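Undergrad: You'll find query-v1.cif just under this line, and it carries mmCIF, C-alpha atoms.
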data_work
#
loop_
_atom_site.label_atom_id
_atom_site.label_comp_id
_atom_site.auth_asym_id
_atom_site.auth_seq_id
_atom_site.Cartn_x
_atom_site.Cartn_y
_atom_site.Cartn_z
CA MET O 1 6.67 53.21 37.11
CA ARG O 2 7.52 56.83 37.88
CA SER O 3 6.84 59.39 35.15
CA TYR O 4 7.85 62.99 34.54
CA ASP O 5 4.20 63.54 33.62
CA GLN O 6 5.11 66.12 30.98
CA TYR O 7 3.60 66.31 27.50
CA CYS O 8 7.00 66.47 25.82
CA GLY O 9 8.86 64.13 23.50
CA LEU O 10 12.03 64.18 25.59
CA ALA O 11 10.15 63.54 28.83
CA GLY O 12 8.24 60.70 27.20
CA ALA O 13 11.42 59.16 25.85
CA LEU O 14 13.09 59.35 29.25
CA ASP O 15 10.03 57.77 30.87
CA LEU O 16 10.58 54.84 28.52
CA VAL O 17 14.35 54.47 28.25
CA GLY O 18 15.87 56.82 30.80
CA GLU O 19 16.47 54.28 33.54
CA ARG O 20 19.99 53.10 34.35
CA TRP O 21 21.33 50.42 31.94
CA THR O 22 18.41 50.67 29.48
CA LEU O 23 20.25 52.56 26.73
CA LEU O 24 23.32 50.35 27.15
CA ILE O 25 21.12 47.32 26.44
CA VAL O 26 19.94 49.07 23.27
CA ARG O 27 23.58 49.81 22.38
CA GLU O 28 24.46 46.13 22.65
CA LEU O 29 21.55 45.15 20.39
CA MET O 30 22.61 47.70 17.77
CA SER O 31 25.23 45.16 16.65
CA GLY O 32 22.72 42.35 16.20
CA PRO O 33 20.61 39.88 18.20
CA LYS O 34 21.98 38.77 21.56
CA ARG O 35 21.23 36.01 24.04
CA TYR O 36 20.52 36.90 27.64
CA THR O 37 23.96 35.58 28.61
CA ASP O 38 25.63 37.71 25.91
CA LEU O 39 24.04 40.84 27.36
CA ALA O 40 24.95 39.88 30.90
CA ASP O 41 28.59 39.33 29.87
CA GLN O 42 28.81 42.74 28.18
CA LEU O 43 27.09 44.57 31.03
CA PRO O 44 28.92 43.41 34.16
CA GLY O 45 27.35 44.83 37.27
CA ILE O 46 23.78 45.02 36.03
CA GLY O 47 22.57 41.98 38.00
CA THR O 48 20.39 39.23 36.56
CA SER O 49 17.07 40.43 38.01
CA LEU O 50 17.60 44.00 36.85
CA LEU O 51 18.60 42.87 33.34
CA ALA O 52 15.46 40.73 33.16
CA ALA O 53 13.33 43.66 34.29
CA ARG O 54 14.85 46.06 31.76
CA LEU O 55 14.42 43.56 28.92
CA ALA O 56 10.80 42.95 29.89
CA LYS O 57 10.03 46.67 29.89
CA LEU O 58 11.73 47.21 26.53
CA GLU O 59 9.82 44.29 25.03
CA GLN O 60 6.49 45.46 26.43
CA SER O 61 7.17 48.94 25.06
CA GLY O 62 7.89 47.67 21.55
CA VAL O 63 11.56 48.68 21.55
CA ILE O 64 12.90 45.12 21.34
CA ASP O 65 11.59 41.75 20.21
CA ARG O 66 12.31 38.29 21.56
CA ARG O 67 12.47 35.21 19.35
CA VAL O 68 13.79 31.65 19.38
CA LEU O 69 16.43 30.73 16.82
CA PRO O 70 15.73 27.61 14.73
CA PRO O 71 17.59 24.35 15.48
CA PRO O 72 20.34 23.48 16.06
CA ALA O 73 20.83 26.75 17.98
CA ALA O 74 17.32 26.86 19.51
CA SER O 75 18.40 29.80 21.70
CA THR O 76 16.22 32.72 22.73
CA VAL O 77 17.63 36.02 21.50
CA TYR O 78 16.68 39.67 21.89
CA GLU O 79 16.84 42.08 18.96
CA LEU O 80 15.79 45.61 18.13
CA ALA O 81 12.25 46.14 16.87
CA PRO O 82 11.67 48.92 14.29
CA ALA O 83 11.26 51.44 17.12
CA GLY O 84 14.52 50.18 18.59
CA HIS O 85 16.36 50.75 15.33
CA GLU O 86 15.04 54.33 15.31
CA LEU O 87 16.32 54.74 18.85
CA GLY O 88 19.71 53.31 17.85
CA ALA O 89 20.02 55.90 15.09
CA ALA O 90 19.23 58.63 17.62
CA LEU O 91 21.91 57.30 19.98
CA VAL O 92 24.79 57.68 17.50
CA PRO O 93 24.99 61.50 17.87
CA LEU O 94 24.75 61.03 21.65
CA ILE O 95 27.71 58.62 21.51
CA THR O 96 29.72 61.25 19.63
CA TRP O 97 28.67 63.95 22.11
CA GLY O 98 29.78 61.70 24.94
CA LEU O 99 33.20 61.19 23.37
CA ARG O 100 33.60 64.96 23.11
CA HIS O 101 32.33 65.98 26.52
CA ALA O 102 31.98 63.06 28.92
CA VAL O 103 34.78 60.56 28.27
CA PRO O 104 38.35 61.06 29.59
CA ASP O 105 41.34 61.05 27.26
CA THR O 106 42.40 57.59 28.46
CA PRO O 107 40.17 54.70 29.59
CA GLY O 108 42.06 53.79 32.75
CA ASP O 109 40.48 50.60 34.09
CA SER O 110 37.22 51.11 32.20
CA GLN O 111 35.84 48.35 29.99
CA VAL O 112 36.50 48.78 26.25
CA CYS O 113 34.85 47.09 23.27
CA ALA O 114 35.52 47.31 19.54
CA ALA O 115 31.81 47.19 18.71
CA TRP O 116 31.34 50.48 20.54
CA CYS O 117 34.11 51.92 18.35
CA ALA O 118 32.31 50.80 15.18
CA LEU O 119 28.82 52.05 16.04
CA PRO O 120 29.41 55.73 15.08
CA CYS O 121 30.50 54.51 11.65
CA THR O 122 26.97 53.26 11.00
CA HIS O 123 25.78 56.85 10.55
CA ALA O 124 28.19 58.96 8.54
CA PRO O 125 27.92 62.75 8.97
CA ASP O 126 27.19 63.00 5.25
CA PRO O 127 24.45 60.53 4.23
CA GLU O 128 26.03 60.17 0.77
CA ALA O 129 29.58 59.69 2.05
CA LEU O 130 29.45 55.89 1.96
CA ALA O 131 28.06 55.64 -1.58
CA GLY O 132 30.21 53.41 -3.74
CA ILE O 133 31.97 51.60 -0.87
CA GLU O 134 31.44 47.83 -0.82
CA ALA O 135 33.60 46.29 1.90
CA THR O 136 33.67 44.63 5.30
CA TYR O 137 36.03 46.01 7.93
CA GLU O 138 37.27 44.42 11.14
CA PHE O 139 37.97 46.86 13.98
CA ARG O 140 40.41 45.62 16.61
CA LEU O 141 40.54 47.38 19.95
CA ALA O 142 42.58 45.89 22.79
CA ASP O 143 41.54 42.21 22.86
CA THR O 144 38.14 42.78 21.22
CA SER O 145 37.02 42.96 17.59
CA ALA O 146 33.95 43.97 15.59
CA LEU O 147 32.83 43.81 11.99
CA LEU O 148 31.47 46.75 9.99
CA ARG O 149 29.90 46.11 6.59
CA VAL O 150 29.40 48.97 4.15
CA HIS O 151 26.99 48.15 1.33
CA ASP O 152 24.88 50.24 -1.01
CA GLY O 153 25.47 53.44 0.95
CA ASP O 154 24.62 51.95 4.36
CA ALA O 155 26.80 50.63 7.16
CA GLU O 156 25.98 48.11 9.86
CA VAL O 157 27.82 46.32 12.62
CA LEU O 158 27.69 42.56 12.04
CA PRO O 159 27.76 39.76 14.62
CA GLU O 160 31.33 38.75 15.40
CA GLY O 161 32.67 36.05 13.08
CA SER O 162 29.78 36.32 10.61
CA ALA O 163 31.90 37.50 7.64
CA ALA O 164 35.49 37.64 6.45
CA PRO O 165 36.89 41.19 6.54
CA ASP O 166 38.41 42.91 3.51
CA ALA O 167 40.50 45.12 5.78
CA VAL O 168 41.54 45.23 9.44
CA ILE O 169 41.79 48.50 11.39
CA SER O 170 43.59 48.35 14.76
CA MET O 171 43.95 51.05 17.43
CA ASP O 172 43.87 51.56 21.18
CA ALA O 173 40.91 52.93 23.12
CA ALA O 174 42.39 56.41 23.61
CA THR O 175 42.93 56.80 19.86
CA MET O 176 39.39 55.62 19.19
CA ALA O 177 38.01 58.25 21.55
CA ALA O 178 40.14 61.03 20.07
CA VAL O 179 39.14 60.17 16.50
CA GLY O 180 35.48 59.72 17.42
CA ALA O 181 35.43 63.07 19.21
CA GLY O 182 37.07 64.85 16.27
CA ARG O 183 40.17 65.78 18.27
CA ARG O 184 42.34 63.77 15.91
CA THR O 185 41.99 62.71 12.27
CA ILE O 186 42.36 59.13 11.13
CA SER O 187 45.14 60.21 8.79
CA ASP O 188 47.15 61.92 11.54
CA ALA O 189 46.72 58.95 13.87
CA ALA O 190 47.82 56.57 11.12
CA ASP O 191 50.88 58.69 10.33
CA ALA O 192 51.84 58.51 14.02
CA GLY O 193 51.37 54.74 14.10
CA ALA O 194 48.41 54.92 16.49
CA ILE O 195 46.18 53.25 13.88
CA THR O 196 47.35 50.39 11.68
CA PHE O 197 45.72 48.91 8.59
CA GLU O 198 45.89 45.47 6.98
CA GLY O 199 44.28 44.01 3.88
CA ASP O 200 42.53 46.07 1.20
CA LEU O 201 44.11 49.49 1.67
CA ALA O 202 41.93 50.99 -1.06
CA ALA O 203 38.86 50.05 0.99
CA VAL O 204 40.46 51.62 4.07
CA ALA O 205 41.21 54.81 2.14
CA ALA O 206 37.61 54.99 0.91
CA LEU O 207 36.21 54.67 4.45
CA THR O 208 38.71 57.17 5.84
CA ASP O 209 37.90 59.68 3.11
CA ALA O 210 34.16 59.24 3.64
CA PHE O 211 34.33 60.24 7.28
CA GLU O 212 37.03 62.87 7.11
CA ARG O 213 35.42 64.55 4.11
CA ALA O 214 32.11 64.73 5.96
CA ARG O 215 33.42 66.32 9.16
#
Write out the structure in this file as structure tokens.
TA:
Amino acid sequence: MRSYDQYCGLAGALDLVGERWTLLIVRELMSGPKRYTDLADQLPGIGTSLLAARLAKLEQSGVIDRRVLPPPAASTVYELAPAGHELGAALVPLITWGLRHAVPDTPGDSQVCAAWCALPCTHAPDPEALAGIEATYEFRLADTSALLRVHDGDAEVLPEGSAAPDAVISMDAATMAAVGAGRRTISDAADAGAITFEGDLAAVAALTDAFERAR
């Protein structure tokens, strides 16, 4: 394994997770445990041998864990270890930076996924912004969906289908990028019809206020 051979936190981190695809594997595991086939489906183009190599390195480095689910599932899944959860938290500002500086206004033919839309919501700009919100939200983006649960001041992306949502938030990928980058507010996008809401509108208003108030 090649190393920068520098006594620096950034260099050390890049030695560990700076290879192509590695951080995208971590991104996928930020929304819960995944089977090998789940990761391969969400990362088209990685190749089976390269995915296996990246998973092995992350497991050996203590970033992810591997376990076997109890029957009847009995499937092997990968999930973030404590160090992986720390890394996931560090990735959220990088995701926002990428939306501001490295992602085009429209996705073109690029792959889109609702779970990627929900991840920045797991770390509000104001740590106290989510206090008092108790709700589960379903984000719909193109033909994908993801669940975000807000509970006791924390937010997490849940495995798809694991809970019934209190509210549904729908938008296209370009709107998601504009809102995530801060180029557009949720309220303005909703007024223009670019975002639609269903279900518990009070819960939607609370989430919207939490993020717009904290910007």
Undergrad: Set the distance at 7 Å and use all atoms listed in the file: which residues neighbour segment 163-166 of chain O once local chain neighbours fewer than 4 positions away are removed? I'd like the list as a list in words.
TA: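 My reading of the contact set: Ala135, Thr136, Tyr137, Glu138, Gly199 and Asp200 of chain O.
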Undergrad: Counting all atoms listed in the file, what is within 8 Å of Leu16 of chain O, bar same-chain residues fewer than 4 positions away, as a list in words?
TA: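 With the cut-off at 8 Å, the set is Gly12, Leu58 and Ser61 of chain O.
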Undergrad: Show which residues sit within 12 Å of Gly62 of chain O, as a PyMOL selection string. Count only C-alpha atoms, and ignore same-chain residues fewer than 5 positions away.
TA: chain O and resi 16-17+55-57+78-87
Undergrad: Which distance in Å separates atom CA of Gly9 of chain O and atom CA of Leu50 of chain O, to one decimal?
TA: 25.7 Å
Undergrad: Go through O:Leu207, O:Leu119, O:Ala146, O:Cys113 one by one, measure the shortest atom-to-atom distance of each to Asp172 of chain O using all atoms listed in the file, and give the residue with the smallest value.
TA: O:Cys113
Undergrad: Could you write out as a PyMOL selection string the residues that the PyMOL selection byres ((chain O and resi 160) around 9) matches in the shown file?
TA: chain O and resi 31+145-147+157-159+161-163
Undergrad: Find, counting only C-alpha atoms, the residue in O:Ser49, O:Leu39, O:Pro33, O:Asp105 that gets nearest to Val68 of chain O.
TA: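 With only C-alpha atoms as the atom set, the closest residue is O:Pro33.
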